Structure formats: structure tokens, C-alpha cells
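**Q** Sharing a structure with you now.
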Amino acid sequence: MMLDLKKVFVLGTLGFIVICLGLFYLLTSSVNSRILSQNEKKLEFIQLEDKLKSIEEAVKSHRKSLNDIEKLVDGIPEDGHKKLKLGNLEHDVDSVKECSAAVGLGLVAQSNVNMLNVYDVLKFDNPNGGVWKQGWDVEIDSSRFTAEDKLKVFVIPHSHNDPGWIKTFERYFEDQTKHILNSMLDKLGKNEEVKFIWAEISYFHLWWETLDTKAKEQIIRFTKNGQLEFVTGGWVMPDEASSHYFSMISQLIEGHQWLYHHLGYVPRNGWSIDPFGMSPTNAYLIKRSGLKNMLIQRTHYAVKKELAKSKQLEFKWRQAWDNEGTSDILCHMMPFYSYDVPHTCGPDPKICCQFDFKRMRDVSHLSCPWGIQPYPINTKNMRERSTTLLDQYRKKAMLYKTNTLLVPLGDDFRWEDSKEWDAQTINYGKIMDFVNSQPNLNAEIKFGTLEDYFSSLNEEIKSGKFNPSALTGDFFTYADRDDHYWSGYFTSRPFHKSIDRLLMGQLRAAHIVYTLMSAELYKKEENENVLKLPFVRDIMGHLIRSRRTLSLFQHHDGIAGTSKDHVMVDYANKLLTALKSCDQVIQQGFQVLTHLNDPKFDLSKMAPDIAFFDAGKTMDSIDALPRLHLIILDQTMNQRLVVVFNSVGRRKTELVKLYVSTYNVKVYNRMGVLVESEVLPVFGDKTTVSRNVFELSFVAELGPLNLANYLLKLEKNDERSRPEISVLNSFSEILSHSEFPIKILQDVENELEISNEHLNVRFGKNGFMTSVFVNGKSYPLRVSMNHYGARHKKDTSGLYLFLPDGPARQIDPAKWFVRILKGKFQEYVEIWLDQVKHRVTVYKHPGYEQHSIEVKNMVDIRHEQNFELMMKFETNVESGNLFYTDLNGFQMIKRKRFSKIPIQGNYYPVPTAAYIEDPNLRFTIVSEQPLGGSSLASGEFEIVMDRRLMQDDERGAGQGGTDNQETESTFKLLFEVPQCEDKKKDEAPPMLSLQAHLTLDDLLHPFQTFIGQPDFSDAILSSMSDYIPKSIRSLPCDIQLTDLSPLPSYENSLDDHSFVPNPTTGLLVRRVGFNGQFLGGIPLPSCVTEGGHFGQFKPSDLFGDLIQSEIEQRTLTFIHDGTRILSNESILMKPMEIYGFLAQFPQPLNKVKQMEPEHGIET
């Protein structure tokens, strides 16, 4: 900390320096001068904290007058050392103007290339470019290559291994991947000139487990001598459309931690060649994880051509909200159709294919579709073959500004056997030797890695030969040819996409519960080996496996929904197992946390397989939706325990919903105080009310990371109000329940309506919304269900492609069955169509969800063919041709509807949110699950909820999408009115309102509810207590606790099974960017820090006394060391940033006693 103080002092006045250092000297001069042991030094620091406090307060005050004392440095130092100074822990308070369209950020970042502007100028006319069909006839400028400035070609052997697609993950590994890696191990050891890159750590860790110690040590040598490079280093190469930033970080953490602990390896370069469109969120995350450079491939062919014309295929990818450019990352875009060999050596695939020597007749069954096959290089053809290939290299170099050229050499599951390795390396070796021996060719070719390439390119930048342009924006929506836009997969397999979000929330909650449990045990128990207890290690194993499952599903054929049916079944089974594992972690953690104050609690009785609680919401099979757990209450079990946990970093109020077996039930808190509750009927179908299942709801208010116990008792409640229930357009007899009379409406004269204190929602006779009153002001809102068909041509819709047969058609708004329910805590209108059950709800309790309209759709289109179900919202917002969608739940981006591209090209991913707006009103949609959507007319927004396609779209899956299941999708709708005007709002980066962020956070991270076992008794209750972490405070509204990630260590770095729990946690904190013009419209909950400052918090606010007095800033994957700060030091975060910290648990009591010196320390 002393070093950090000095850094701050240097920036201050000389007088301030002298005063502070003088104070520090006086305070420390009385310390015993003898040499202290390491443990004694730690204790000395603790005892000096109070005396240092006055200095710390002075320094904090001084910091507030400084503007960004430490800037984020640009990645890892060039020497490759893992130490990384991060900084950016301060952000100027005075720059935060609440009435700003981007609070704390200002205007949109400046760039040379803005992708929305590029779309403005592109014609999308797709003329035939000759041999480079999507480009032009490239001519070589021969004067560019000289003896002093040669063409430097790096040929990079690679093998793209999908962790599931046509085969399952494990089947691919057994059939192909392990043979590729075995061959790599053999061939790299025999030829040091050959190099190789690898991306998917999920596969590599499987293979690692099959190796002996000698082979593992050989792999480590390959990484140290530069023959083997791990690119990106994630568990998978994630999809960048549907994946949430939490899951994208998780798979990076899993991969980076594995590489570091087992190989001592730290990745430096990103490699994203197969995801179907590219997001700047991924660029941000890998940059903040310590990577310096990246490569991408799948972008719209017209974009590739446009950037190639201006030689801007290499650029600094900049976040639109980052004016300082601290998140810039150098990015290389591949220029041609694919990453296979025919499309990577140059513009003519017919020629390039001739240099894919795996396609030679005696090597494999593959051949070149252009008719000319590769053949071995010999002395007779060496010059012709070498100069022919060099001609392609030179033409490719014409698309870039430097003479450093990257040429990938590989494809899906390549380099599989010895014959292929020899065919490629021997023949390329001969070409390299020939070209390198001919000075007149002014070229040098060699095998290389991505690090070799970017090192050479960065030398060109340092020398001033090349200054890459800055580019902002994304690369959606991807088209590989013609009007074939890959916008179908934004929605494909929505069932699996929704389960992904469920697992994401459960894993995050399990991480947090495990961390709290471990820290409390470590602090309380007198034995520091408490974390080595079998049950602790067991649930750490559950977390590791669950994290790896979530990470695996982020693969671009996983969450994208583009794998074969049996592979999706395999993914679903893995997700289900991971969900159950997370529930196991949570319920065991709850058992410990609720018994911390019980002196009789015996940790030795905590066995891994004991179930103390059941999850309130469970998923029984991969064929069924998650459902509420039914709580049985009868004369033999007349009371049941319910525990509720708030996993977010702020106090929150929420409606808890449970299924119970009786109407006669009351709810009490742990102190025996009656809690107001409501019982509603559960409908088996349109006309039947269940006789033995009821929905019980009550309002719970919990502080940050609090856990509360509630008791359900079998008691009659005559005072309970009954809900008003009525149905419209029912043509069958209603089988009601005596407690729930149902009114049958033959017709209605006026509009139907539901309301709460803030909202009044009105419906037409067909049951669909027509208008919304917000705080007394009316806004039209027409909702309809529509569908797209599939184009009746050879090229048509499938798992990847969305090729509709024309505009969407509205589903006939006939007299569908409508149910209206008005209860104490909620009111809803539900309409039953053949394809969807559509429910609109408003909530009537103090929680934040009272300010939004909930829309739930239960979709089932299994009886349809070539059918894409779409929900459309029509408003009077004058949005013109602009709309806004999110990227990975992390940031918003401006979209523009273009008439020059078809419907499918105007569709974009909607992972969590979208909005349309005019100067007077914003209509916002937040989504619990990722889907595809667009605004195809002013004032409208539409979302595709499911798609059933009967044919393959010829993108490799070899099938259509017909494995549909009943799927639930949930949305929240907000009508937001600006409360002030930022005159430069049109120049600001797009942002959700803070209210929308809070609504989304509540949607993705609801209370965790678990049910005690049936053998519950008063004695059990008396041994339990609510869990309220000591000294924890609510975070500001714009700061989110992203994760508390448990990080195991390994007793044997070569053995993946030797993991042990650590007394540490990786903390990820995010400050959201938001539009301040809407502050004051919808009230904020009580989460603003003292003084009303946004973005400011202390780590101790989150942990209280559960961490040591210092924490260390880290990269997002917790690999690179950074600044050490006091945990009670106030941090003012920069908006939009995610910060990583490593926190240590406090020393156990007996450890502190051991550290005490014989006679203490003088004070």
C-alpha cells in the first residue's frame, strides 16, 4: 500500500507529500526495529491501520481532486511478465452529470471507422468479382516488396475443433480431437521449425488427463520455446450473439485458470474464426483479461470488401463508450469467405486449394471442388509451385498496409494423423526453403504462431510504418453470400437458450453462497484446514463441473442452437446435471449459513450426498420446463420451512411464489410474525382448477446477500381475500374450486384492464393489450402474434439462416379463450392461442417490478411446419428507422433499418434488451432469454420466439430444426419519459436507463428459494438463524456484483483432479452505463450510496469482515497482478467497466494467535 500512496503523492503538491510522509514517519518510528518474521509483519500492518486511517482519509480527499490518477495500461507488458498495473480505480466525481445521456462518459468515442456509417455507404449489390467472387481482381504493386522490406509470411497451422456440432463433445474427442493432439505432440517434438496454435481448452484438458508426466512436461516445453501457442485460452470459442457477458467471462476464467495452474501459461492473443458474427463485448472482455491482440473471421462479405478496399482490415477495435481508448485492442480481420485453406492463402480459392496437401490422393479422401488437385513438391515443379503460391500471398498482402502477412493453414478437425502432418509440413517446408533462398523474390516464409505474427506487426507499428485505424461498432448481422443472413440462429432452440440463462443465474448464486459459507467457516473455525473437509471439497467439485458445463454450452454451436438433435440432447443433459449440482451447492451452503450461531452444529456430519433443502424451482427432465416444487402440507406435516436468499448486492423486495398442496396455509417469519400472503388457483388447462395444487405468494424484503427463514403452517385463514377471476370466450364448462368462484363473461362492453398504483393496462376483447396508462398518462400499445414462413426455393430457412417467404402474417385474432385474474399482489390477463399462451401481469407490491409490465409466453409450435412465431409491439413512438439492441447483456448499440437489405438482414440478436425512442418517450423491452428481433417500422419492435424449420439450410448441420419443445419466454416492458434534456444526447453512446438495468437485474437474478425437508420440527427451527453478513451494505444502483468466483489451487499442477479449495475469491464488479435523462421518472430503490454518488463503493461493503484488510486488483480472469488497495477504501469506478479483484479470507483465530510475537508489538 505504501508504494501506491507514493504514486498518489507524486501527483500532488510538494507540501502535501512532505506532510503525509512526515506523518507516516512519526507513526511508524515507534515500531520495534528488530527484523520481523513475515507473519509478524502482517500483524504489525493490522495494528497500524487505525493510525494510518487519518492519512488514508487525507489521501482519499486528495484523490477526488485528481482526474484518473492511473490509466489502464495497454495489456500485458512486452516482456510477458504476468505483473500488470491496472489502475483506473478513481474516476472524477465532478464529471458525473446526472442529466446526461451517458452518465460519466460524455460523447460517443471517436473512430476512423464507424460500422453504422459503413452500412450507410454500402450498396449491398454483390457484383461478381471474378476468382475472388465477393471481391475484385487484385493487382500486385511489385515495388512494395524490396530487399530491405520483404514480404514476411507467417503460415500458422491450426485445427478448429467444435466442442459439439455433428457429434457430441466426447464423441468428437474420441474420434478426432485426441488423434490431432497426439499427432501434434509427436510432430512438434521431431521438428522445431513447425509450430501450432490451439484454442479450445475444454478439449485440451480432456487430452491432458490421458498423458503421462513425460508428455505433459514436453507440452510445457513447447509453450516455452514458442512452438505451441494457446490462442484466446477460453474453455470454448464462444458464440457472440446469444451468450451473456457473465458466461463469456466464466469460460475465459475456466480456460485461463486451467492453463495457468497446469502449464504456467498466459494467453496473449485472441482467435475467433467461427462464431457467426462478432461482438465488441468479446473484444472488451479479452482485452480486460490481459490479451493484446485478436483475430476474427465471420463478418459480412460486403464489410470485408469495403474494409479491404481501404486497407483497414487491421484496426484498433474501440468500445463506442470509451473516449480514452483504454479498451482498444489490435484486431486482424481475415478477408475471404472462410478460414479453410482454399480461402486463406490469397484471393483465388482454385489456386489455394492446390496447396492444401491433405487433399492429395494418397493422403485423404478430400479433393478440390475446382477440379485441380494438389500434388507433391519436387525439384521439377518447385519454382513454379513456389512462385504460384507466392503470387497469392502478394495479392493478399495488397489488402493490408504492411508487408507482414498472416496465412492460416488448417480447417475443422485438421492435422489429424501423421500422413496429413507430413504432407503439409514437408511440402510447405520445400516451398519455404526455396523462396527463402531466392533473394530476388524479396520474401520470407516460415511457420509461425499468432504471437509471431502480431509481434512482427507491432514492430511495424512501433517503427511508425503502420498506424491502425480505430473502429467502433459490431459485425452483425453476418451474411456469407447473397442475401443469406445468419439471423435465424438468434432464436433457434429457444428452450436451450432459456435453460442457459437459468443455469447462469444458479451458478452465480452457487458461487456466492459457497464463497460466503467458506469465508464464514474459515473465519469462525480454529482450524485452517476446515476448507479441506470432504463436503467442502465435494461442493467445490460441483462448482468446477457446473462452471465447465456452462462454459461448454457457450460454444458457437451450443447456445446458438445449431447442432444436430442428438448433440442438443447431450447439451441439455449436461445443463440439467449442472443445474442439480448448483442446487446441491446452494442447499449445503444454506445449511451451514443458517447454523453459524448454533453451538451444537457439527461440521463432521455434513456429508456431500445429504439433502437439507430442495430447490423451490426444479427441472425434472430435459423434456419439461422448470416447475415450482410442490410443498406438501397435511396433518402429518403441518409446517414446512422455506429459506429465501438475495444474491444481489443491494436490498430488494420481491414476490416469492410457491406451490402448496392446500388452500389453508399461513406464512410466518422466523420470529413468529405473520407475513401477509395470498393463495391463487393453479389451472390445469383452460377450464379446470387444480384441487390439490395452489400458488402461495408473499412479499419478502432482504438486504444484500441476506438469507431469511420463513415458516409455512397448515392453518385456516378466513380473513384472506379471494381473487376476482373471470373468463371470456369459454365454450366448455368451467370446473372451478369452492374457494375460487369464476365469473363467465359472454361479452364485454368496455376494454378489459388490470392495474396497480403506477400502471393501468387495457386490453381489447381479443385479450391483447391496446394501451397503457403510466402515472395517469396514456400510451397506445398494440400487441399481436404473427408468423413468418420459409422461402420456397433451394436456399431457405434453417437452423442458421432466416430466409422468410415475405412479410410476417398476423395470426387471426379470433375469439380466443381469455382469463382475467385480479389478486392482492398481482393482476393478469391471459389469452390462449393455438401456438402460444400469452399472459400479461402487473404486480401490486412494494417491489421494483410494480413499475414494469410482465409478459410471459408459453410457446408450443410442434404442430406447425416452416413456421416462425413472432410477437410484435406497436406504439406511437416516433422512432423512424432507428432502434437499439443490446450486445451480450453488457452494452447497447444503435441499429438502423435499411430498405436496401431484406428483412433478415435487419434482424439482430436481442440477448437481454431493446428499445425504441423519440424525444418524449422511450419504450424498453428487457428479456430473460436471448432471441432475435428488429424494428421493421417506426414505433414497432418484434421478437421471434420460436422457429420450426423442416429442411437443412446447407450450412453443415445436415438437418432442419424440428425438435421443438414447449418453451417459456419472459419479458418486462417499460414506458420511460425523459425528465430533463441532454442537448448532446444524439452524440452520446446509447444506454439503458438505470431503471431498466435494475429491472433486468431482478429478472435474471431473482431470490433463491429452497424448501426444508418434510421432517421439519420446532427443534430444528430453534437451531437455525437468518443469515445477515456483518457490516455489509447495499451497493449503489449502478454497481452490480457480477460474481464471487471460487478459485481452487492444485496440489499437483499436472493433475486436474488434485484441486483444493482456497481461502480466496475472485470478485467481479461492474458499473453499468446508463442514460441519466430518465432519472426521477421511475423511483429508484434504496441503493444509492451516502452523498448520492453513483459508481462509488468500498469492497468491504460487499464482504464486511469476511476478507482481509487488503485486496488486489486483477484482470477479469484473475491471472495478472495489479494494484493493492485497502478493502475499506472508496473506489469510484468508470462507467461501463468491469473490475476484477482477488480477496483473501481473514486468518482463522488459531492462525492469528500463532502470529502473535512473544511480547507483542509496541504501539
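Residues in the C-alpha cells are numbered from 1 in each chain, the chains being A, B, ... in the order shown, and ligands are numbered from 1 in the order shown.
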What's the 9 Å shell around A:Cys331, counting only C-alpha atoms, without same-chain residues fewer than 4 positions away, as a PDB file with N, CA, C and O atoms, in the first residue's frame?
**A**
ATOM      1  N   GLY A 270      -6.111 -13.286 -29.153  1.00  0.00           N
ATOM      2  CA  GLY A 270      -7.435 -13.874 -29.348  1.00  0.00           C
ATOM      3  C   GLY A 270      -7.600 -14.428 -30.752  1.00  0.00           C
ATOM      4  O   GLY A 270      -7.025 -13.932 -31.722  1.00  0.00           O
ATOM      5  N   ALA A 283     -14.357  -8.442 -27.587  1.00  0.00           N
ATOM      6  CA  ALA A 283     -13.097  -7.712 -27.678  1.00  0.00           C
ATOM      7  C   ALA A 283     -12.760  -7.053 -26.345  1.00  0.00           C
ATOM      8  O   ALA A 283     -11.606  -7.091 -25.885  1.00  0.00           O
ATOM      9  N   ASN A 293      -3.961  -8.677 -28.579  1.00  0.00           N
ATOM     10  CA  ASN A 293      -4.329  -8.681 -29.993  1.00  0.00           C
ATOM     11  C   ASN A 293      -5.385  -9.741 -30.229  1.00  0.00           C
ATOM     12  O   ASN A 293      -5.556 -10.663 -29.425  1.00  0.00           O
ATOM     13  N   MET A 294      -6.086  -9.642 -31.381  1.00  0.00           N
ATOM     14  CA  MET A 294      -7.094 -10.636 -31.678  1.00  0.00           C
ATOM     15  C   MET A 294      -7.304 -10.760 -33.185  1.00  0.00           C
ATOM     16  O   MET A 294      -6.942  -9.867 -33.963  1.00  0.00           O
ATOM     17  N   LEU A 295      -7.897 -11.863 -33.580  1.00  0.00           N
ATOM     18  CA  LEU A 295      -8.218 -12.136 -34.978  1.00  0.00           C
ATOM     19  C   LEU A 295      -9.665 -12.572 -35.071  1.00  0.00           C
ATOM     20  O   LEU A 295     -10.157 -13.312 -34.209  1.00  0.00           O
ATOM     21  N   ILE A 296     -10.363 -12.111 -36.138  1.00  0.00           N
ATOM     22  CA  ILE A 296     -11.753 -12.502 -36.366  1.00  0.00           C
ATOM     23  C   ILE A 296     -11.935 -12.908 -37.821  1.00  0.00           C
ATOM     24  O   ILE A 296     -11.141 -12.525 -38.690  1.00  0.00           O
ATOM     25  N   LEU A 313      -8.452  -3.647 -42.795  1.00  0.00           N
ATOM     26  CA  LEU A 313      -8.804  -4.942 -42.214  1.00  0.00           C
ATOM     27  C   LEU A 313      -8.072  -5.196 -40.897  1.00  0.00           C
ATOM     28  O   LEU A 313      -8.382  -6.147 -40.189  1.00  0.00           O
ATOM     29  N   GLU A 314      -7.097  -4.369 -40.598  1.00  0.00           N
ATOM     30  CA  GLU A 314      -6.438  -4.396 -39.290  1.00  0.00           C
ATOM     31  C   GLU A 314      -6.686  -3.054 -38.630  1.00  0.00           C
ATOM     32  O   GLU A 314      -6.406  -1.991 -39.212  1.00  0.00           O
ATOM     33  N   PHE A 315      -7.222  -3.097 -37.420  1.00  0.00           N
ATOM     34  CA  PHE A 315      -7.684  -1.872 -36.782  1.00  0.00           C
ATOM     35  C   PHE A 315      -7.624  -2.019 -35.270  1.00  0.00           C
ATOM     36  O   PHE A 315      -7.490  -3.131 -34.739  1.00  0.00           O
ATOM     37  N   LYS A 316      -7.725  -0.910 -34.595  1.00  0.00           N
ATOM     38  CA  LYS A 316      -7.888  -0.903 -33.141  1.00  0.00           C
ATOM     39  C   LYS A 316      -9.390  -0.926 -32.876  1.00  0.00           C
ATOM     40  O   LYS A 316     -10.089   0.042 -33.178  1.00  0.00           O
ATOM     41  N   TRP A 317      -9.865  -2.041 -32.340  1.00  0.00           N
ATOM     42  CA  TRP A 317     -11.296  -2.152 -32.058  1.00  0.00           C
ATOM     43  C   TRP A 317     -11.573  -1.406 -30.768  1.00  0.00           C
ATOM     44  O   TRP A 317     -11.054  -1.738 -29.702  1.00  0.00           O
TER      45      TRP A 317
END
**Q** Applying 10 Å and only C-alpha atoms, which residues near stretch 457-474 of chain A remain after dropping the ones on its own chain fewer than 3 positions away? List them as a count of residues only.
**A** 50
**Q** Pick out the residues sitting within 6 Å of stretch 234-251 of chain A, and hand them over as JSON, numbers by chain; count only C-alpha atoms, and ignore anything fewer than 6 positions along from it in its own chain.
**A** {"A": [200, 201, 202, 275, 278, 279, 551, 554, 555, 556, 888, 889, 909, 911, 930]}
**Q** Just give me the gap between atom CA of A:Tyr478 and atom CA of A:His300 in Å, one decimal is fine.
**A**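 These two atoms are separated by 4.7 Å.
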**Q** Run DSSP on the backbone and grab whatever in stretch 122-233 of chain A lands in alpha helix (DSSP H); send it over as a PDB file with C-alpha atoms, in the first residue's frame.
**A**
ATOM      1  CA  PHE A 169     -18.217 -33.232 -27.399  1.00  0.00           C
ATOM      2  CA  GLU A 170     -16.972 -36.589 -26.115  1.00  0.00           C
ATOM      3  CA  ARG A 171     -17.522 -38.369 -29.447  1.00  0.00           C
ATOM      4  CA  TYR A 172     -15.520 -35.760 -31.306  1.00  0.00           C
ATOM      5  CA  LYS A 178      -7.291 -36.744 -29.317  1.00  0.00           C
ATOM      6  CA  HIS A 179      -5.646 -38.000 -32.505  1.00  0.00           C
ATOM      7  CA  ILE A 180      -4.961 -34.411 -33.592  1.00  0.00           C
ATOM      8  CA  LEU A 181      -3.308 -33.616 -30.271  1.00  0.00           C
ATOM      9  CA  ASN A 182      -1.399 -36.902 -30.184  1.00  0.00           C
ATOM     10  CA  SER A 183      -0.040 -36.131 -33.649  1.00  0.00           C
ATOM     11  CA  MET A 184       0.851 -32.607 -32.557  1.00  0.00           C
ATOM     12  CA  LEU A 185       2.807 -33.959 -29.584  1.00  0.00           C
ATOM     13  CA  ASP A 186       4.709 -36.321 -31.846  1.00  0.00           C
ATOM     14  CA  LYS A 187       5.434 -33.954 -34.755  1.00  0.00           C
ATOM     15  CA  LEU A 188       6.377 -30.824 -32.789  1.00  0.00           C
ATOM     16  CA  GLY A 189       8.927 -32.933 -30.933  1.00  0.00           C
ATOM     17  CA  LYS A 190      10.530 -34.033 -34.193  1.00  0.00           C
ATOM     18  CA  ILE A 201      -9.168 -25.679 -23.597  1.00  0.00           C
ATOM     19  CA  SER A 202     -12.226 -27.887 -22.991  1.00  0.00           C
ATOM     20  CA  TYR A 203     -10.697 -30.438 -25.358  1.00  0.00           C
ATOM     21  CA  PHE A 204      -7.137 -29.862 -24.245  1.00  0.00           C
ATOM     22  CA  HIS A 205      -7.940 -30.585 -20.602  1.00  0.00           C
ATOM     23  CA  LEU A 206      -9.577 -33.903 -21.599  1.00  0.00           C
ATOM     24  CA  TRP A 207      -6.490 -34.869 -23.555  1.00  0.00           C
ATOM     25  CA  TRP A 208      -4.163 -33.734 -20.776  1.00  0.00           C
ATOM     26  CA  THR A 213       4.194 -36.964 -16.856  1.00  0.00           C
ATOM     27  CA  LYS A 214       6.839 -37.032 -19.597  1.00  0.00           C
ATOM     28  CA  ALA A 215       4.332 -35.974 -22.259  1.00  0.00           C
ATOM     29  CA  LYS A 216       2.953 -33.196 -20.053  1.00  0.00           C
ATOM     30  CA  GLU A 217       6.429 -31.835 -19.488  1.00  0.00           C
ATOM     31  CA  GLN A 218       7.051 -31.950 -23.232  1.00  0.00           C
ATOM     32  CA  ILE A 219       3.921 -29.842 -23.826  1.00  0.00           C
ATOM     33  CA  ILE A 220       5.165 -27.271 -21.341  1.00  0.00           C
ATOM     34  CA  ARG A 221       8.486 -27.142 -23.225  1.00  0.00           C
ATOM     35  CA  PHE A 222       6.612 -26.498 -26.487  1.00  0.00           C
ATOM     36  CA  THR A 223       4.891 -23.487 -24.928  1.00  0.00           C
ATOM     37  CA  LYS A 224       8.165 -22.122 -23.586  1.00  0.00           C
TER      38      LYS A 224
END
**Q** Please compute the atom CA of A:Pro741-atom CA of A:Leu674 distance, one decimal, in Å.
**A**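 Those two atoms sit 26.3 Å apart.
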**Q** Do you know which residues are at most 12 Å from A:Ser797 counting only C-alpha atoms, after dropping those on the same chain fewer than 4 positions away, and could you put them as a PyMOL selection string?
**A** chain A and resi 483-489+492+788-793+801-805+865-868+904+947-955+959-961
**Q** Select, from A:Cys980, A:Leu936, A:Val1072, A:Ile725, the residue with the minimum atom-to-atom distance to A:Pro919, counting only C-alpha atoms.
**A** A:Cys980
**Q** Using only C-alpha atoms, can you tell me which of A:Lys150, A:Lys686, A:Arg508, A:Arg385 comes closest to A:Leu1041?
**A**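 Checking each of A:Lys150, A:Lys686, A:Arg508, A:Arg385 against A:Leu1041, counting only C-alpha atoms, the winner is A:Arg508.
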**Q** Per residue of stretch 597-670 of chain A within 12 Å of stretch 1000-1003 of chain A, which atom pair is closest and at what distance in Å (one decimal), using only C-alpha atoms, listed by chain and increasing number, as JSON lines?
**A**
{"residue": "A:Asn646", "atom": "CA", "partner": "A:Asp1002", "partner_atom": "CA", "distance": 10.2}
{"residue": "A:Ser647", "atom": "CA", "partner": "A:Asp1002", "partner_atom": "CA", "distance": 10.2}
{"residue": "A:Val648", "atom": "CA", "partner": "A:Asp1001", "partner_atom": "CA", "distance": 8.4}
{"residue": "A:Gly649", "atom": "CA", "partner": "A:Asp1001", "partner_atom": "CA", "distance": 10.6}
{"residue": "A:Arg650", "atom": "CA", "partner": "A:Asp1002", "partner_atom": "CA", "distance": 10.7}
{"residue": "A:Arg651", "atom": "CA", "partner": "A:Asp1002", "partner_atom": "CA", "distance": 11.3}
{"residue": "A:Lys652", "atom": "CA", "partner": "A:Asp1002", "partner_atom": "CA", "distance": 8.8}
{"residue": "A:Thr653", "atom": "CA", "partner": "A:Asp1002", "partner_atom": "CA", "distance": 9.8}
{"residue": "A:Glu654", "atom": "CA", "partner": "A:Asp1002", "partner_atom": "CA", "distance": 8.7}
{"residue": "A:Leu655", "atom": "CA", "partner": "A:Asp1002", "partner_atom": "CA", "distance": 11.2}
**Q** Between A:Pro534, A:Leu552, A:Met637, A:Glu701, which one has atoms that come closest to A:Tyr848, using only C-alpha atoms?
**A** A:Glu701
**Q** What is the atom CA of A:Arg1071-atom CA of A:Lys985 distance in Å, reported with one decimal?
**A**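 Atom CA of A:Lys985 lies at a distance of 20.4 Å from atom CA of A:Arg1071.
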**Q** Hey, what's within 12 Å of A:Glu148 if we count only C-alpha atoms and toss same-chain stuff fewer than 4 positions away? As an mmCIF file with N, CA and C atoms, in the first residue's frame, please?
**A**
data_model
loop_
_atom_site.group_PDB
_atom_site.id
_atom_site.type_symbol
_atom_site.label_atom_id
_atom_site.label_comp_id
_atom_site.auth_asym_id
_atom_site.auth_seq_id
_atom_site.Cartn_x
_atom_site.Cartn_y
_atom_site.Cartn_z
ATOM 1 N N SER A 143 6.545 -2.924 -56.518
ATOM 2 C CA SER A 143 7.537 -2.034 -55.904
ATOM 3 C C SER A 143 7.451 -2.050 -54.384
ATOM 4 N N ARG A 144 6.394 -2.610 -53.866
ATOM 5 C CA ARG A 144 6.196 -2.606 -52.418
ATOM 6 C C ARG A 144 7.154 -3.549 -51.709
ATOM 7 N N LYS A 152 6.926 -10.697 -45.330
ATOM 8 C CA LYS A 152 7.151 -11.674 -44.264
ATOM 9 C C LYS A 152 5.858 -12.462 -44.046
ATOM 10 N N ASN A 403 3.792 -5.316 -44.833
ATOM 11 C CA ASN A 403 4.321 -6.493 -45.518
ATOM 12 C C ASN A 403 4.434 -7.686 -44.575
ATOM 13 N N PRO A 439 16.917 -14.443 -53.131
ATOM 14 C CA PRO A 439 16.879 -13.025 -52.721
ATOM 15 C C PRO A 439 16.029 -12.163 -53.639
ATOM 16 N N ASN A 440 15.957 -12.517 -54.900
ATOM 17 C CA ASN A 440 15.213 -11.696 -55.853
ATOM 18 C C ASN A 440 13.706 -11.752 -55.625
ATOM 19 N N LEU A 441 13.245 -12.713 -54.868
ATOM 20 C CA LEU A 441 11.810 -12.822 -54.605
ATOM 21 C C LEU A 441 11.363 -11.873 -53.494
ATOM 22 N N ASN A 442 12.320 -11.355 -52.724
ATOM 23 C CA ASN A 442 12.021 -10.390 -51.659
ATOM 24 C C ASN A 442 10.892 -10.879 -50.741
ATOM 25 N N ALA A 443 11.024 -12.124 -50.335
ATOM 26 C CA ALA A 443 10.001 -12.719 -49.468
ATOM 27 C C ALA A 443 10.646 -13.694 -48.495
ATOM 28 N N GLU A 444 10.004 -13.839 -47.369
ATOM 29 C CA GLU A 444 10.438 -14.796 -46.356
ATOM 30 C C GLU A 444 9.200 -15.491 -45.814
#
**Q** Check the smallest atom-to-atom distance from each of A:Asn1075, A:Gln850, A:Ser546, A:Thr562 to A:Met504 using only C-alpha atoms, then report the winner.
**A**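 Closest candidate: A:Ser546.
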**Q** Give me the residues within 12 Å of A:Ala914 as a PyMOL selection string, counting only C-alpha atoms and dropping any in the same chain fewer than 2 places off.
**A** chain A and resi 873+882-889+891-895+908-912+916-917+922-927+930-935+940-943+971-974+990-993+996-997+1000
**Q** Kindly indicate which residue among A:Ser581, A:Glu520, A:Pro1061, A:Glu193 lies nearest to A:Lys532, using only C-alpha atoms for the distances.
**A**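 Checking each of A:Ser581, A:Glu520, A:Pro1061, A:Glu193 against A:Lys532, counting only C-alpha atoms, the winner is A:Pro1061.
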